[in-house]
Number of protein chains: 4
Amino acid sequence: MSGGERPALGVGMVGHAFMGRVHSQAWRSVHAFFDVPYVPVMVAVAGRSRDRVRAAADRLGWASAETDWKALLRRDDIDLIDICTPGDTHAEIAIAALDAGKHVLCEKPLANTVAEAEAMTAAAERAAERGVRAMVAFNYRRVPAIALARRLVADGRLGAIRHVRAQYLQDWLTDPEQPLTWRLQRDKAGSGALGDIGAHIIDAAQFITGERITGVTALTETFVRERPVGAGGGERGPVTVDDAALFLARTTGGAVAAFEATRFATGRKNALRIEINGSKGSLAFDFEAMNELWFHDAALGDAEGGFRRILVTEADHPYAGAWWPPGHLLGYEHTFTHEIADLLSAIAAGTDPSPSFADGLQVQRVLAAVEASAAAGGGWTPVP
Amino acid sequence: MSGGERPALGVGMVGHAFMGRVHSQAWRSVHAFFDVPYVPVMVAVAGRSRDRVRAAADRLGWASAETDWKALLRRDDIDLIDICTPGDTHAEIAIAALDAGKHVLCEKPLANTVAEAEAMTAAAERAAERGVRAMVAFNYRRVPAIALARRLVADGRLGAIRHVRAQYLQDWLTDPEQPLTWRLQRDKAGSGALGDIGAHIIDAAQFITGERITGVTALTETFVRERPVGAGGGERGPVTVDDAALFLARTTGGAVAAFEATRFATGRKNALRIEINGSKGSLAFDFEAMNELWFHDAALGDAEGGFRRILVTEADHPYAGAWWPPGHLLGYEHTFTHEIADLLSAIAAGTDPSPSFADGLQVQRVLAAVEASAAAGGGWTPVP
Amino acid sequence: MSGGERPALGVGMVGHAFMGRVHSQAWRSVHAFFDVPYVPVMVAVAGRSRDRVRAAADRLGWASAETDWKALLRRDDIDLIDICTPGDTHAEIAIAALDAGKHVLCEKPLANTVAEAEAMTAAAERAAERGVRAMVAFNYRRVPAIALARRLVADGRLGAIRHVRAQYLQDWLTDPEQPLTWRLQRDKAGSGALGDIGAHIIDAAQFITGERITGVTALTETFVRERPVGAGGGERGPVTVDDAALFLARTTGGAVAAFEATRFATGRKNALRIEINGSKGSLAFDFEAMNELWFHDAALGDAEGGFRRILVTEADHPYAGAWWPPGHLLGYEHTFTHEIADLLSAIAAGTDPSPSFADGLQVQRVLAAVEASAAAGGGWTPVP
Amino acid sequence: MSGGERPALGVGMVGHAFMGRVHSQAWRSVHAFFDVPYVPVMVAVAGRSRDRVRAAADRLGWASAETDWKALLRRDDIDLIDICTPGDTHAEIAIAALDAGKHVLCEKPLANTVAEAEAMTAAAERAAERGVRAMVAFNYRRVPAIALARRLVADGRLGAIRHVRAQYLQDWLTDPEQPLTWRLQRDKAGSGALGDIGAHIIDAAQFITGERITGVTALTETFVRERPVGAGGGERGPVTVDDAALFLARTTGGAVAAFEATRFATGRKNALRIEINGSKGSLAFDFEAMNELWFHDAALGDAEGGFRRILVTEADHPYAGAWWPPGHLLGYEHTFTHEIADLLSAIAAGTDPSPSFADGLQVQRVLAAVEASAAAGGGWTPVP
């Protein structure tokens, strides 16, 4: 694949599990659909097991494989590091990459603690002075329907925001025999549903409304407190993260908000739902029908008013025009392609990508406030 | 209208506004559709204005009109008092009626304070010893879909309840020029969205799950703090109740719950929504599609699982068989007809109707805890 | 129930099965919600079995019972005859009633044959000269959402109509052991799904569009050709009507249309569905969600376009304002109340009610053309 | 991209417009997600304009570009020809490619006439004897929800099929100023909505039910009969194809069916809708919500029955397990990736791919019968 007159941009990816698979598909596709200023070259992927990283490189289309992520930083043919590993490794890799002059795309949540996120943000700010860019991968901002929601709010179509109600509902932990993986251990995952999926709705709500959360009152719960360790035997270990996190919030604009993240919502598979009520209109979205945005425009009057289902696949819609004709749906992976297209544009333009590491840090502070409030029995906890 | 061998039961109604109109329709209809043990006779309606109460009697089908509700208590041809007035009058009328040996149906919320509700509950308990019955009119329990939801939970189809998320969303206050009616004044209405519509979702959630709320953390907001007084002029007065009330809760069974009641959800007209997730299945309901119950049964397995839309109009469904063939929808008013049918059955059977005044008192205690928590900045507040 | 200064209008009803029950509820309720020019008095109901008609009178609220419908025609206290019997009796009763000077409300389809319908229409025209009115009970016109659909089309909001697709789907015959009732016998019912429910979608489509069907090509099918006769034994008799009827049509305005009526649509209970596409917009309706009208207004442009769900419960909506606040749903029976309110208004105004017997005759002609086309293997058959 | 031990399979594509873009994305992606027996190599793309085909090769990822499709047939490094050109060229290219020993994937409809389709099918049969395979690209069979629908029917879950109602609704011709492109000219496109989108619902209905259409009665319409030729000026030319095609049908299994294809369904963007009613259950699908299959299982009984929304993203669902976790949606392009994965498997297995050219020919015969019936005013027309 050559890119005519456009320069190449070498990419190295760390991690090749779920996130690595989806990022690979985005790197492979972006050039065919978007007029990106660079042609990405999938130079190398890093993983700990030699056999598995080679198989992944083969399958996912990376030209070479490394067993040490630091090797990626030493290569001159790599301009950007894409971090797809668990949260406890983000800070070390991202800071080293930025300091080595590599652009960074980092999966969310930015880190497992506010302190780590602060260090990463400082590194990003240092790097930006040298034209090196850092982005945190809140991919749901690039769902066309969510980008359209943002546009409608920014255009004043909702008026003053009164209510946000956001839920991220999954159900994969309802089975008590589901094993005790790293995602259920605080030292590796930071938190449970809160950081894994709650972080997404915090970012989405703030992105769409353009407002920040100023404080919270929260409650968390772990329904199944012990789970099987490993495959066989009867051994069980403690679950040290939340199964569900609920919190109420206020925003800089005077809205009130209700958030809920859970892995125990039986029958809900990936229901990132957000509804926003403003003085002039309302919006509703559910990722399980990700090509639809529901918009109520109060200006139409009572007799003709109603939530309308905008199928966000028109040429006029964010990102959608790059793909297929109207009514031909996009899927989950496209959000990553959009993210990468925007990142490449920001690098070329010499501007900070959005969401920046500073945005990721702010989300981290909300997560920390939620945990603090829940630990204190729900008292009001401001977000610094 | 004669009832064959069945005895008549004389009814007197206090109040003839919105609730009076809908109760009248229920009293007029119940005998034609349900095998009730009494034939209700619509004896008299009471209201303060002579002209208006006479016109209401005429229109709504009451044989006579009174300008003093106490007159209804003195009449021998009246066996039951139906209270359709604002909350600040409930305690006086209900206690007097019960003490006078009249059965009572009382609109919700039971009262404006816990103290009033306690006095009313004590009166109901005294009356019950003499075979006189009292019911609080949480009519949404008699939506066939909600009654079916209760049946599915009681039959164990949901397993252990993990999550309740309940919202009651209206939008009639979004216009800041909406006048300052009694519903926006604390001394008359007790509270705002909380008591008016929040009480319904508290009752519905507890009814369906069979569990009680044990504590809350809450947040309330008044978005528009002054509104026009009367029709003309520019005078404005303070709104002294909440526009929106949000709270998180825990239940006796270990579930966590999120509640939200608001009159500022632009585009939502009467969206009493409730979703319940259990270890074996889930339910979802929205009053704006009141004939539908959505049920996910995890026992069907991943490949065939999904929320199914049960159209609750079958002969096997609660209440529905009394009306029309499958697929012929019921409306709002039918919930009151069902309520009255159940009340008449309880009177004949000599059992306490459900929901009882004690149930109404318990809801009042939750309302009081919500207000206390919100006033204290969201701290955890147990429900006694 | 007294009506102040408004005159009474005595009603006699023939038949007291399903349609009799729902008409009774409408007669009982109309005065409380609509400013009708007459106060209906439920004078007498007629039925063949003395015991059953007395029980029905008792239950449904009729002051007296007759075993011969002709007795109703002789009574001076009866001004209007409401015909709720099977189609093979409509012509005789309606013509006799009109000739006796009684207004007539007649259930649909108007008759079992075009010839009968023509005779009835002639009788209605004779009667109209004397101020006696006749209406055929296509109640679905009075669903608020369908009346709103008509209003939008009449206001030009859809532009030129291009497509009509109308379905009436039920499933109560899918069980082959369902017995051979009169509805499955041609001599009593006229036809099967075609006349019973197909007639409704023909009327609804013509009503909403304001256009007439000019010709059809059709196909009918009887899936289960023999069914049990009576309760016990193994005897079976032939089904002599269609189980399903499908036809394509053209309209006076140049639209093309697809119609389908069936009692074999497993899982569809009362799905009267109609979708209309015009050059400027589209409408969609399903009776199983009868309070909703879906409207796409192309004038909103591609980026904001979409079908919106209008909850037809606003004060500005046809009929709805007479009942409850926004979002408080109406049900099946309300369509009959609306129908009667309009009939009483037409009688007082001295105008022909809509739909008239002439409208019913025209529907009958479409039904006849469908049967002729189906019998001839689908050839194009004009509607006279 | 290397494939380990798996052999490479060289691909040459003819045409690089809409279909070429989506096929390229599928060729590029298939190896990363499916265990295909060959590693596809994107060798060359052919197009008439040198500049445009080179730009397309660059953008879409083809290693080289040709201006004559015959050059692809002469190259030894090409094993398979992918035909993405208009229908009037399919026969010549496909027959030449098969005779040259190249496997063929051909876009639908197979051809513009039955005669061409017959010649192509004969060529495919000749080629099959030499292990050379041919497939027609009815991609909608590879929507996971449609493949699941087929599985449910094949497993007997619907019982005897009674009804099929299938619609393919688009709206891009509602604007009368839309220019007169080749798709509106009979000599190039064969037919209008009928062949373009009607062919898809014919194939989908036959695929899901496993039944064939035996005869039809039809009606077609061209609403806008003249359109602008080229960009400027006022010149207009005649539209020589149908804007809408409607037909009724019977199937080999005794079902009745209604089909409708139109480009004038304002507000419907790509609504390929199909509903199937059987004696034991029903299915409903709409491509505008392509990840959902609605299933009614009558075995669940009346009290619990209802259409359930199966989100077809589970590991147990056809194709879906190859991609992302449950609830992470797929889009339009994935259907092509699935199609190619199945084609590669068939080539390796030495079996005929499905749908074969013979399947495409049978669809062509249905299209011809529809046109014949419509031309004859709707008379019954058997499908040979």
# chains A, B, ... in the order shown; residues from 1 in each chain; ligands from 1
>>> interface_residues(of="chain B", to="chain D", cutoff="6 Å", atoms="only C-alpha atoms", output="ChimeraX atom specification")
/B:303,305-310,316
>>> residues_around(residues="Ser29 in chain A", least_positions_apart="2", cutoff="9 Å", atoms="only C-alpha atoms", output="list of chain:residue names")
A:Ser24, A:Gln25, A:Ala26, A:Trp27, A:His31, A:Ala32, A:Phe33, A:Phe34, A:Thr337, D:Gln25, D:Arg28, D:Ser29, D:Leu60
>>> residues_around(residues="Gly12 in chain B", least_positions_apart="6", cutoff="9 Å", atoms="only C-alpha atoms", output="compact mmCIF listing (two decimals) with N, CA, C and O atoms, in the first residue's frame")
# COMPACT_ATOMS: atom_id res chain seq x y z
N VAL B 41 -72.77 2.54 43.58
CA VAL B 41 -73.75 3.58 43.27
C VAL B 41 -73.07 4.93 43.50
O VAL B 41 -72.53 5.17 44.59
N MET B 42 -73.09 5.76 42.49
CA MET B 42 -72.39 7.05 42.57
C MET B 42 -73.33 8.06 43.22
O MET B 42 -74.03 8.81 42.56
N VAL B 43 -73.29 8.10 44.53
CA VAL B 43 -74.30 8.81 45.32
C VAL B 43 -74.09 10.33 45.31
O VAL B 43 -75.02 11.09 45.02
N ALA B 44 -72.88 10.76 45.63
CA ALA B 44 -72.68 12.21 45.76
C ALA B 44 -71.22 12.57 45.59
O ALA B 44 -70.33 11.79 45.93
N VAL B 45 -71.01 13.78 45.10
CA VAL B 45 -69.67 14.34 45.00
C VAL B 45 -69.64 15.64 45.81
O VAL B 45 -70.64 16.37 45.84
N ALA B 46 -68.51 15.90 46.47
CA ALA B 46 -68.38 17.13 47.25
C ALA B 46 -67.31 18.05 46.67
O ALA B 46 -66.27 17.57 46.22
N TRP B 62 -72.66 11.80 39.00
CA TRP B 62 -72.99 11.63 40.42
C TRP B 62 -74.41 12.12 40.65
O TRP B 62 -74.82 13.16 40.14
N TRP B 69 -67.56 18.36 52.49
CA TRP B 69 -67.28 16.92 52.46
C TRP B 69 -67.83 16.20 53.69
O TRP B 69 -68.11 15.01 53.66
N LEU B 72 -70.98 14.22 53.38
CA LEU B 72 -70.93 12.86 52.85
C LEU B 72 -70.83 11.84 53.98
O LEU B 72 -71.40 10.74 53.90
N LEU B 73 -70.14 12.22 55.05
CA LEU B 73 -69.93 11.28 56.16
C LEU B 73 -71.22 11.04 56.94
O LEU B 73 -71.36 10.01 57.61
N ILE B 78 -74.15 6.33 51.87
CA ILE B 78 -72.76 6.34 51.42
C ILE B 78 -71.95 5.41 52.31
O ILE B 78 -71.94 5.55 53.53
N ASP B 79 -71.28 4.44 51.66
CA ASP B 79 -70.48 3.45 52.38
C ASP B 79 -68.99 3.68 52.25
O ASP B 79 -68.20 3.13 53.00
N LEU B 80 -68.63 4.45 51.24
CA LEU B 80 -67.19 4.59 50.92
C LEU B 80 -66.90 6.02 50.51
O LEU B 80 -67.66 6.61 49.73
N ILE B 81 -65.80 6.55 51.02
CA ILE B 81 -65.37 7.90 50.66
C ILE B 81 -64.12 7.80 49.79
O ILE B 81 -63.14 7.15 50.15
N ASP B 82 -64.20 8.48 48.65
CA ASP B 82 -63.10 8.47 47.68
C ASP B 82 -62.48 9.87 47.69
O ASP B 82 -63.11 10.84 47.29
N ILE B 83 -61.23 9.95 48.16
CA ILE B 83 -60.59 11.25 48.40
C ILE B 83 -59.68 11.63 47.22
O ILE B 83 -58.63 11.02 47.00
>>> residues_around(residues="range 274-287 of chain D", least_positions_apart="6", cutoff="7 Å", atoms="only C-alpha atoms", output="PDB file with N, CA, C and O atoms, in the first residue's frame")
ATOM      1  N   THR C 174     -54.176 -19.570  13.893  1.00  0.00           N
ATOM      2  CA  THR C 174     -53.013 -20.434  13.616  1.00  0.00           C
ATOM      3  C   THR C 174     -53.194 -21.837  14.177  1.00  0.00           C
ATOM      4  O   THR C 174     -52.642 -22.789  13.645  1.00  0.00           O
ATOM      5  N   ALA C 265     -50.846 -14.456  11.179  1.00  0.00           N
ATOM      6  CA  ALA C 265     -49.561 -13.788  11.396  1.00  0.00           C
ATOM      7  C   ALA C 265     -49.127 -14.020  12.838  1.00  0.00           C
ATOM      8  O   ALA C 265     -49.250 -13.144  13.703  1.00  0.00           O
ATOM      9  N   THR C 266     -48.580 -15.186  13.077  1.00  0.00           N
ATOM     10  CA  THR C 266     -48.229 -15.633  14.432  1.00  0.00           C
ATOM     11  C   THR C 266     -47.504 -14.539  15.221  1.00  0.00           C
ATOM     12  O   THR C 266     -46.484 -14.015  14.770  1.00  0.00           O
ATOM     13  N   GLY C 267     -48.049 -14.208  16.371  1.00  0.00           N
ATOM     14  CA  GLY C 267     -47.414 -13.213  17.238  1.00  0.00           C
ATOM     15  C   GLY C 267     -47.922 -11.800  17.027  1.00  0.00           C
ATOM     16  O   GLY C 267     -47.644 -10.917  17.830  1.00  0.00           O
TER      17      GLY C 267
ATOM     18  N   ARG D 157     -38.066 -24.114  13.804  1.00  0.00           N
ATOM     19  CA  ARG D 157     -38.627 -23.282  14.876  1.00  0.00           C
ATOM     20  C   ARG D 157     -39.827 -22.461  14.417  1.00  0.00           C
ATOM     21  O   ARG D 157     -40.587 -21.970  15.256  1.00  0.00           O
ATOM     22  N   LEU D 158     -40.005 -22.274  13.144  1.00  0.00           N
ATOM     23  CA  LEU D 158     -41.156 -21.509  12.667  1.00  0.00           C
ATOM     24  C   LEU D 158     -42.309 -22.417  12.216  1.00  0.00           C
ATOM     25  O   LEU D 158     -43.397 -21.932  11.975  1.00  0.00           O
ATOM     26  N   GLY D 159     -42.061 -23.708  12.114  1.00  0.00           N
ATOM     27  CA  GLY D 159     -43.091 -24.613  11.596  1.00  0.00           C
ATOM     28  C   GLY D 159     -43.321 -24.355  10.118  1.00  0.00           C
ATOM     29  O   GLY D 159     -42.408 -23.957   9.391  1.00  0.00           O
ATOM     30  N   ALA D 160     -44.554 -24.579   9.689  1.00  0.00           N
ATOM     31  CA  ALA D 160     -44.890 -24.348   8.275  1.00  0.00           C
ATOM     32  C   ALA D 160     -44.957 -22.851   8.011  1.00  0.00           C
ATOM     33  O   ALA D 160     -45.608 -22.111   8.748  1.00  0.00           O
ATOM     34  N   ILE D 161     -44.283 -22.422   6.958  1.00  0.00           N
ATOM     35  CA  ILE D 161     -44.278 -20.992   6.626  1.00  0.00           C
ATOM     36  C   ILE D 161     -45.608 -20.623   5.971  1.00  0.00           C
ATOM     37  O   ILE D 161     -46.051 -21.266   5.025  1.00  0.00           O
ATOM     38  N   ARG D 162     -46.240 -19.597   6.506  1.00  0.00           N
ATOM     39  CA  ARG D 162     -47.528 -19.121   5.973  1.00  0.00           C
ATOM     40  C   ARG D 162     -47.372 -17.823   5.181  1.00  0.00           C
ATOM     41  O   ARG D 162     -48.035 -17.633   4.180  1.00  0.00           O
ATOM     42  N   HIS D 163     -46.595 -16.913   5.713  1.00  0.00           N
ATOM     43  CA  HIS D 163     -46.511 -15.568   5.136  1.00  0.00           C
ATOM     44  C   HIS D 163     -45.068 -15.106   5.026  1.00  0.00           C
ATOM     45  O   HIS D 163     -44.280 -15.315   5.956  1.00  0.00           O
ATOM     46  N   VAL D 164     -44.774 -14.457   3.926  1.00  0.00           N
ATOM     47  CA  VAL D 164     -43.549 -13.683   3.792  1.00  0.00           C
ATOM     48  C   VAL D 164     -43.970 -12.276   3.385  1.00  0.00           C
ATOM     49  O   VAL D 164     -44.793 -12.110   2.476  1.00  0.00           O
ATOM     50  N   ARG D 165     -43.470 -11.277   4.098  1.00  0.00           N
ATOM     51  CA  ARG D 165     -43.661  -9.903   3.574  1.00  0.00           C
ATOM     52  C   ARG D 165     -42.299  -9.205   3.591  1.00  0.00           C
ATOM     53  O   ARG D 165     -41.665  -9.078   4.629  1.00  0.00           O
ATOM     54  N   ALA D 166     -41.882  -8.866   2.395  1.00  0.00           N
ATOM     55  CA  ALA D 166     -40.527  -8.359   2.215  1.00  0.00           C
ATOM     56  C   ALA D 166     -40.578  -7.042   1.464  1.00  0.00           C
ATOM     57  O   ALA D 166     -41.291  -6.894   0.467  1.00  0.00           O
ATOM     58  N   GLN D 167     -39.837  -6.086   1.978  1.00  0.00           N
ATOM     59  CA  GLN D 167     -39.789  -4.763   1.355  1.00  0.00           C
ATOM     60  C   GLN D 167     -38.343  -4.306   1.306  1.00  0.00           C
ATOM     61  O   GLN D 167     -37.586  -4.566   2.225  1.00  0.00           O
ATOM     62  N   LEU D 293     -32.374  -9.315  15.262  1.00  0.00           N
ATOM     63  CA  LEU D 293     -33.386 -10.193  14.685  1.00  0.00           C
ATOM     64  C   LEU D 293     -34.504 -10.314  15.706  1.00  0.00           C
ATOM     65  O   LEU D 293     -34.253 -10.571  16.883  1.00  0.00           O
ATOM     66  N   TRP D 294     -35.725 -10.118  15.257  1.00  0.00           N
ATOM     67  CA  TRP D 294     -36.892 -10.210  16.139  1.00  0.00           C
ATOM     68  C   TRP D 294     -37.538 -11.573  15.932  1.00  0.00           C
ATOM     69  O   TRP D 294     -37.903 -11.933  14.819  1.00  0.00           O
ATOM     70  N   PHE D 295     -37.694 -12.296  17.023  1.00  0.00           N
ATOM     71  CA  PHE D 295     -38.170 -13.676  16.954  1.00  0.00           C
ATOM     72  C   PHE D 295     -39.332 -13.850  17.923  1.00  0.00           C
ATOM     73  O   PHE D 295     -39.202 -13.566  19.118  1.00  0.00           O
ATOM     74  N   HIS D 296     -40.436 -14.333  17.394  1.00  0.00           N
ATOM     75  CA  HIS D 296     -41.567 -14.713  18.244  1.00  0.00           C
ATOM     76  C   HIS D 296     -41.666 -16.220  18.228  1.00  0.00           C
ATOM     77  O   HIS D 296     -41.855 -16.825  17.170  1.00  0.00           O
ATOM     78  N   ASP D 297     -41.566 -16.824  19.395  1.00  0.00           N
ATOM     79  CA  ASP D 297     -41.643 -18.275  19.520  1.00  0.00           C
ATOM     80  C   ASP D 297     -42.976 -18.610  20.180  1.00  0.00           C
ATOM     81  O   ASP D 297     -43.154 -18.394  21.379  1.00  0.00           O
ATOM     82  N   ALA D 298     -43.897 -19.149  19.391  1.00  0.00           N
ATOM     83  CA  ALA D 298     -45.237 -19.405  19.917  1.00  0.00           C
ATOM     84  C   ALA D 298     -45.220 -20.447  21.032  1.00  0.00           C
ATOM     85  O   ALA D 298     -46.150 -20.514  21.850  1.00  0.00           O
ATOM     86  N   ALA D 299     -44.153 -21.231  21.102  1.00  0.00           N
ATOM     87  CA  ALA D 299     -44.076 -22.253  22.147  1.00  0.00           C
ATOM     88  C   ALA D 299     -44.022 -21.653  23.546  1.00  0.00           C
ATOM     89  O   ALA D 299     -44.278 -22.346  24.530  1.00  0.00           O
TER      90      ALA D 299
END
>>> residues_around(residues="Ala55 in chain C", least_positions_apart="3", cutoff="12 Å", atoms="only C-alpha atoms", output="PyMOL selection string")
(chain B and resi 1-5+32) or (chain C and resi 16-17+45-47+49-52+58-66)
>>> residues_around(residues="Phe223 in chain B", least_positions_apart="2", cutoff="8 Å", atoms="only C-alpha atoms", output="list in words")
Arg162 of chain A; Glu221, Arg225 and Asp243 of chain B
>>> write_last_selection(atoms="N, CA and C atoms", output="PDB file, in the first residue's frame")
ATOM      1  N   ARG A 162     -30.380  20.549  31.446  1.00  0.00           N
ATOM      2  CA  ARG A 162     -30.963  20.322  32.774  1.00  0.00           C
ATOM      3  C   ARG A 162     -30.581  18.962  33.336  1.00  0.00           C
TER       4      ARG A 162
ATOM      5  N   GLU B 221     -33.183  19.512  42.979  1.00  0.00           N
ATOM      6  CA  GLU B 221     -32.857  20.781  42.317  1.00  0.00           C
ATOM      7  C   GLU B 221     -34.150  21.501  41.913  1.00  0.00           C
ATOM      8  N   ARG B 225     -36.602  29.235  39.850  1.00  0.00           N
ATOM      9  CA  ARG B 225     -36.850  29.493  41.271  1.00  0.00           C
ATOM     10  C   ARG B 225     -37.938  30.524  41.530  1.00  0.00           C
ATOM     11  N   ASP B 243     -37.916  20.792  41.537  1.00  0.00           N
ATOM     12  CA  ASP B 243     -38.277  20.492  40.156  1.00  0.00           C
ATOM     13  C   ASP B 243     -37.859  19.076  39.772  1.00  0.00           C
TER      14      ASP B 243
END
>>> closest_residue(among="D:Ala346, D:Leu272, D:Val114, D:Ala154", to="Gln170 in chain D", atoms="only C-alpha atoms")
D:Leu272
>>> residues_around(residues="Phe259 in chain D", least_positions_apart="6", cutoff="10 Å", atoms="only C-alpha atoms", output="MDAnalysis selection string")
(chainID C and resid 258) or (chainID D and resid 164:168 198 201:202 205 216 218 245:249 273:274)
>>> select_by_dssp(residues="range 216-345 of chain D", states="strand (DSSP E)", output="ChimeraX atom specification")
/D:216-221,226-228,236-238,244-251,256-262,271-278,281-286,292-297,307-311
>>> atom_distance(atom1="CA of Ile347 in chain D", atom2="CA of Ala128 in chain D")
10.1 Å
>>> select_by_dssp(residues="range 203-286 of chain A", states="helix (DSSP H, G or I)", output="PyMOL selection string")
chain A and resi 203-209
>>> atom_distance(atom1="CA of Arg150 in chain A", atom2="CA of Thr85 in chain A")
29.2 Å
>>> atom_distance(atom1="CA of Asp242 in chain D", atom2="CA of Glu118 in chain D")
23.6 Å
>>> closest_residue(among="B:Ala124, B:Ala137, B:Ala71, B:Ile213", to="Val256 in chain B", atoms="only C-alpha atoms")
B:Ile213
